[in-house]
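Engineer: Okay, so here is entry_29.pdb, and as you'll see once you scroll down, it has PDB, C-alpha atoms and all ligand atoms.
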MODEL        1
ATOM      1  CA  MET A  14       0.000   0.000   0.000
ATOM      2  CA  SER A  15       1.317   3.393  -0.973
ATOM      3  CA  ASP A  16       1.422   6.391   1.345
ATOM      4  CA  LYS A  17       0.883   8.742  -1.599
ATOM      5  CA  PRO A  18      -2.832   9.499  -1.025
ATOM      6  CA  SER A  19      -2.113  10.249   2.634
ATOM      7  CA  ARG A  20       0.751  12.606   1.729
ATOM      8  CA  ASN A  21      -1.473  14.396  -0.775
ATOM      9  CA  GLU A  22      -4.115  14.729   1.903
ATOM     10  CA  ASP A  23      -1.567  16.187   4.333
ATOM     11  CA  GLU A  24      -0.362  18.648   1.716
ATOM     12  CA  TYR A  25      -3.960  19.643   1.030
ATOM     13  CA  PHE A  26      -4.633  20.383   4.712
ATOM     14  CA  VAL A  27      -1.315  22.224   5.140
ATOM     15  CA  LYS A  28      -2.187  24.462   2.154
ATOM     16  CA  GLN A  29      -5.748  24.894   3.460
ATOM     17  CA  SER A  30      -4.464  25.945   6.906
ATOM     18  CA  ALA A  31      -1.892  28.338   5.445
ATOM     19  CA  GLU A  32      -4.591  29.979   3.316
ATOM     20  CA  LEU A  33      -6.906  30.289   6.347
ATOM     21  CA  VAL A  34      -4.102  31.876   8.437
ATOM     22  CA  LYS A  35      -3.362  34.308   5.575
ATOM     23  CA  VAL A  36      -7.044  35.320   5.222
ATOM     24  CA  ARG A  37      -7.459  35.801   8.999
ATOM     25  CA  ARG A  38      -4.229  37.840   9.194
ATOM     26  CA  GLN A  39      -5.402  40.105   6.335
ATOM     27  CA  GLU A  40      -8.784  40.582   8.039
ATOM     28  CA  ALA A  41      -7.103  41.441  11.382
ATOM     29  CA  GLU A  42      -4.814  43.946   9.605
ATOM     30  CA  ARG A  43      -7.810  45.522   7.829
ATOM     31  CA  GLN A  44      -9.714  45.855  11.125
ATOM     32  CA  ALA A  45      -6.680  47.425  12.842
ATOM     33  CA  ARG A  46      -6.282  49.895   9.940
ATOM     34  CA  ASP A  47     -10.004  50.821  10.082
ATOM     35  CA  ALA A  48      -9.869  51.297  13.878
ATOM     36  CA  SER A  49      -6.803  53.544  13.522
ATOM     37  CA  ARG A  50      -8.555  55.663  10.870
ATOM     38  CA  ARG A  51     -11.688  56.003  13.019
ATOM     39  CA  ALA A  52      -9.544  57.058  16.012
ATOM     40  CA  HIS A  53      -7.871  59.813  13.933
ATOM     41  CA  PHE A  54     -10.959  61.026  12.041
ATOM     42  CA  MET A  55     -11.509  64.778  12.585
ATOM     43  CA  LYS A  56      -8.667  64.941  15.136
ATOM     44  CA  CYS A  57      -6.047  67.675  14.907
ATOM     45  CA  PRO A  58      -2.836  66.140  13.508
ATOM     46  CA  LYS A  59      -0.801  68.553  15.626
ATOM     47  CA  CYS A  60      -2.372  68.333  19.109
ATOM     48  CA  GLY A  61      -5.055  65.625  18.841
ATOM     49  CA  ALA A  62      -8.058  67.834  19.778
ATOM     50  CA  ASP A  63     -11.403  67.426  17.983
ATOM     51  CA  LEU A  64     -11.545  69.530  14.798
ATOM     52  CA  VAL A  65     -14.512  71.839  14.193
ATOM     53  CA  THR A  66     -15.806  72.385  10.647
ATOM     54  CA  GLU A  67     -16.690  76.000   9.935
ATOM     55  CA  ASP A  68     -18.048  77.612   6.798
ATOM     56  CA  TYR A  69     -16.314  80.693   5.410
ATOM     57  CA  HIS A  70     -18.092  82.020   2.319
ATOM     58  CA  GLY A  71     -19.044  78.485   1.279
ATOM     59  CA  ILE A  72     -15.614  76.976   1.949
ATOM     60  CA  GLN A  73     -15.467  74.379   4.686
ATOM     61  CA  VAL A  74     -12.451  74.792   6.953
ATOM     62  CA  ASP A  75     -11.564  72.215   9.610
ATOM     63  CA  ARG A  76     -10.191  74.236  12.510
ATOM     64  CA  CYS A  77      -8.627  73.139  15.785
ATOM     65  CA  PRO A  78     -10.065  75.065  18.761
ATOM     66  CA  GLU A  79      -6.985  74.213  20.868
ATOM     67  CA  CYS A  80      -3.957  75.138  18.734
ATOM     68  CA  THR A  81      -5.903  77.153  16.079
ATOM     69  CA  GLY A  82      -4.494  75.070  13.216
ATOM     70  CA  MET A  83      -6.572  75.015  10.023
ATOM     71  CA  TRP A  84      -6.994  72.318   7.389
ATOM     72  CA  LEU A  85      -8.594  72.345   3.973
ATOM     73  CA  ASP A  86      -9.645  69.197   2.128
ATOM     74  CA  ALA A  87      -8.227  68.841  -1.400
ATOM     75  CA  GLY A  88     -11.496  70.014  -2.988
ATOM     76  CA  GLU A  89     -11.745  72.937  -0.592
ATOM     77  CA  ALA A  90      -8.206  74.121  -1.370
ATOM     78  CA  GLU A  91      -8.993  73.972  -5.112
ATOM     79  CA  ASP A  92     -12.223  75.886  -4.506
ATOM     80  CA  LEU A  93     -10.291  78.569  -2.635
ATOM     81  CA  LEU A  94      -7.760  78.855  -5.483
ATOM     82  CA  ARG A  95     -10.591  79.217  -8.035
ATOM     83  CA  ARG A  96     -11.788  82.257  -6.113
ATOM     84  CA  GLU A  97      -8.425  83.955  -6.416
ATOM     85  CA  ASP A  98      -9.905  86.838  -8.403
ATOM     86  CA  ALA A  99     -13.223  86.861  -6.585
ATOM     87  CA  GLY A 100     -12.396  87.562  -3.010
ATOM     88  CA  MET A 101      -9.920  84.945  -1.835
ATOM     89  CA  ILE A 102      -8.283  87.624   0.297
ATOM     90  CA  ASP A 103     -11.670  88.399   1.905
ATOM     91  CA  ILE A 104     -12.215  84.710   2.620
ATOM     92  CA  MET A 105      -8.743  84.359   4.144
ATOM     93  CA  ARG A 106      -9.390  87.498   6.207
ATOM     94  CA  SER A 107     -12.664  85.951   7.503
ATOM     95  CA  ILE A 108     -10.887  82.735   8.376
ATOM     96  CA  MET A 109      -8.147  84.604  10.234
ATOM     97  CA  LYS A 110     -10.740  86.663  12.126
ATOM     98  CA  GLY A 111     -12.450  83.411  13.135
ATOM     99  CA  VAL A 112      -9.165  82.042  14.429
ATOM    100  CA  GLY A 113      -8.246  85.290  16.170
ATOM    101  CA  SER A 114     -11.562  85.492  18.010
ATOM    102  CA  ARG A 115     -10.851  82.246  19.884
TER     103      ARG A 115
HETATM  104 ZN    ZN A 201      -4.652  71.290  17.374
ENDMDL
END
Take the structure from the file and write it as structure tokens.

Structural biologist:
Amino acid sequence: MSDKPSRNEDEYFVKQSAELVKVRRQEAERQARDASRRAHFMKCPKCGADLVTEDYHGIQVDRCPECTGMWLDAGEAEDLLRREDAGMIDIMRSIMKGVGSR
């Protein structure tokens, strides 16, 4: 009697287990990444305080009430640049007044 079928069976289960370990590891890494993103969402990258979204002439600015840092999303920065000729200075002045009043 040959041991070949048994060896094939062992190889099958070894491969099956390795694949299962790989899938579970990837899932654990994905969950850890998601948890990290949730923990940092709308937190100031400088001091960790909760960011506040404020509207300045239709542009959303995420501002930190603790260290007064300001962040623009990519679309918001582009929107601000598009208004270069139509009052960008006024918008920046409004934003700075908002920061200065805190
Ligand atoms: Zn801050």

Engineer: Could you give me, as a list in words, every polymer residue with an atom at most 8 Å away from an atom of ligand ZN 201 (chain A), counting only C-alpha atoms and all ligand atoms?

Structural biologist: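 Those within range of ligand ZN 201 (chain A) are Lys56, Cys57, Pro58, Lys59, Cys60, Gly61, Ala62, Asp63, Leu64, Arg76, Cys77, Pro78, Glu79, Cys80, Thr81 and Gly82 of chain A.
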
Engineer: Let me make sure I understand: among A:Arg43, A:Tyr69, A:Val74, A:Lys28, which one has the smallest atom-to-atom distance to A:Ile102 if we use all atoms listed in the file?

Structural biologist: A:Tyr69

Engineer: As a check of understanding, name the residues that the PyMOL selection byres (((chain A and resi 70) around 12) and not hetatm) selects in the supplied structure, as a ChimeraX atom specification.

Structural biologist: /A:67-69,71-74,89,92-93,96,99-108

Engineer: Which is closer to A:Met55 than all the others in A:Ala90, A:Met83, A:Val34, A:Met109, using all atoms listed in the file?

Structural biologist: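 Ranking A:Ala90, A:Met83, A:Val34, A:Met109 by distance to A:Met55, first place goes to A:Met83.
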
Engineer: Could you tell me how far atom CA of A:Ala87 sits from atom CA of A:Glu40, in Å to one decimal place?

Structural biologist: 29.8 Å

Engineer: Work out how far atom CA of A:Thr66 is from atom CA of A:Glu91, in Å to one decimal.

Structural biologist: 17.2 Å

Engineer: If I take atom CA of A:His53 and atom CA of A:Asp86, how far is one from the other in Å, to one decimal?

Structural biologist: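 Rounded to one decimal, the two atoms are 15.2 Å apart.
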
Engineer: Between A:Leu94, A:Glu24, A:Phe54, A:Ala48, which is the closest to A:Asp75 once you count all atoms listed in the file?

Structural biologist: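 Checking each of A:Leu94, A:Glu24, A:Phe54, A:Ala48 against A:Asp75, counting all atoms listed in the file, the winner is A:Phe54.
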
Engineer: So that all listed atoms of stretch 43-54 of chain A fit with 4 Å spare on each side, what axis-aligned box centre and edge lengths in Å, to one decimal, would you give as lines of an AutoDock Vina configuration file?

Structural biologist:
center_x = -9.0
center_y = 53.3
center_z = 11.9
size_x = 13.4
size_y = 23.5
size_z = 16.2

Engineer: Would you mind completing stretch 73-84 of chain A so that it carries all heavy atoms, and writing it out as a tab-separated table (two decimals), in the coordinates of the input?

Structural biologist:
chain	number	residue	atom	x	y	z
A	73	GLN	N	-15.51	75.06	3.40
A	73	GLN	CA	-15.47	74.38	4.69
A	73	GLN	C	-14.01	74.31	5.16
A	73	GLN	O	-13.14	73.83	4.45
A	73	GLN	CB	-15.99	72.94	4.55
A	73	GLN	CG	-17.40	72.85	3.97
A	73	GLN	CD	-18.45	73.28	4.97
A	73	GLN	OE1	-18.47	72.80	6.09
A	73	GLN	NE2	-19.33	74.19	4.56
A	74	VAL	N	-13.79	74.82	6.36
A	74	VAL	CA	-12.45	74.79	6.95
A	74	VAL	C	-12.53	73.98	8.24
A	74	VAL	O	-13.39	74.21	9.07
A	74	VAL	CB	-11.96	76.23	7.27
A	74	VAL	CG1	-10.61	76.20	7.96
A	74	VAL	CG2	-11.90	77.06	6.01
A	75	ASP	N	-11.64	72.98	8.36
A	75	ASP	CA	-11.56	72.22	9.61
A	75	ASP	C	-10.55	72.93	10.50
A	75	ASP	O	-9.39	73.05	10.16
A	75	ASP	CB	-11.12	70.77	9.33
A	75	ASP	CG	-12.12	70.04	8.45
A	75	ASP	OD1	-13.33	70.30	8.59
A	75	ASP	OD2	-11.69	69.23	7.62
A	76	ARG	N	-11.03	73.41	11.64
A	76	ARG	CA	-10.19	74.24	12.51
A	76	ARG	C	-10.06	73.58	13.88
A	76	ARG	O	-11.00	73.01	14.41
A	76	ARG	CB	-10.84	75.63	12.66
A	76	ARG	CG	-9.96	76.67	13.29
A	76	ARG	CD	-10.64	78.02	13.34
A	76	ARG	NE	-11.92	77.96	14.03
A	76	ARG	CZ	-12.05	77.83	15.35
A	76	ARG	NH1	-11.00	77.77	16.13
A	76	ARG	NH2	-13.24	77.77	15.91
A	77	CYS	N	-8.87	73.69	14.45
A	77	CYS	CA	-8.63	73.14	15.78
A	77	CYS	C	-8.86	74.24	16.82
A	77	CYS	O	-8.19	75.27	16.78
A	77	CYS	CB	-7.19	72.61	15.89
A	77	CYS	SG	-6.82	72.03	17.55
A	78	PRO	N	-9.80	74.05	17.75
A	78	PRO	CA	-10.06	75.06	18.76
A	78	PRO	C	-8.95	75.18	19.80
A	78	PRO	O	-8.86	76.18	20.51
A	78	PRO	CB	-11.37	74.60	19.42
A	78	PRO	CG	-11.48	73.15	19.11
A	78	PRO	CD	-10.69	72.89	17.87
A	79	GLU	N	-8.06	74.20	19.87
A	79	GLU	CA	-6.98	74.21	20.87
A	79	GLU	C	-5.74	74.95	20.38
A	79	GLU	O	-5.26	75.86	21.03
A	79	GLU	CB	-6.60	72.78	21.25
A	79	GLU	CG	-7.73	71.99	21.91
A	79	GLU	CD	-8.17	72.59	23.25
A	79	GLU	OE1	-7.29	73.04	24.01
A	79	GLU	OE2	-9.38	72.60	23.52
A	80	CYS	N	-5.21	74.54	19.21
A	80	CYS	CA	-3.96	75.14	18.73
A	80	CYS	C	-4.19	76.09	17.56
A	80	CYS	O	-3.23	76.64	17.03
A	80	CYS	CB	-2.95	74.06	18.35
A	80	CYS	SG	-3.36	73.16	16.84
A	81	THR	N	-5.46	76.26	17.16
A	81	THR	CA	-5.90	77.15	16.08
A	81	THR	C	-5.35	76.77	14.71
A	81	THR	O	-5.33	77.60	13.80
A	81	THR	CB	-5.61	78.65	16.36
A	81	THR	OG1	-4.21	78.86	16.36
A	81	THR	CG2	-6.22	79.10	17.68
A	82	GLY	N	-4.91	75.54	14.54
A	82	GLY	CA	-4.49	75.07	13.22
A	82	GLY	C	-5.70	74.96	12.31
A	82	GLY	O	-6.84	74.83	12.78
A	83	MET	N	-5.49	75.09	11.00
A	83	MET	CA	-6.57	75.02	10.02
A	83	MET	C	-6.21	74.03	8.93
A	83	MET	O	-5.06	73.99	8.49
A	83	MET	CB	-6.82	76.37	9.37
A	83	MET	CG	-7.31	77.43	10.30
A	83	MET	SD	-7.64	78.96	9.41
A	83	MET	CE	-6.01	79.38	8.82
A	84	TRP	N	-7.22	73.27	8.46
A	84	TRP	CA	-6.99	72.32	7.39
A	84	TRP	C	-8.08	72.44	6.35
A	84	TRP	O	-9.25	72.65	6.68
A	84	TRP	CB	-6.96	70.88	7.94
A	84	TRP	CG	-5.70	70.66	8.69
A	84	TRP	CD1	-4.55	70.12	8.19
A	84	TRP	CD2	-5.42	71.02	10.03
A	84	TRP	NE1	-3.58	70.14	9.16
A	84	TRP	CE2	-4.08	70.69	10.29
A	84	TRP	CE3	-6.16	71.61	11.04
A	84	TRP	CZ2	-3.48	70.91	11.51
A	84	TRP	CZ3	-5.56	71.83	12.27
A	84	TRP	CH2	-4.23	71.48	12.49
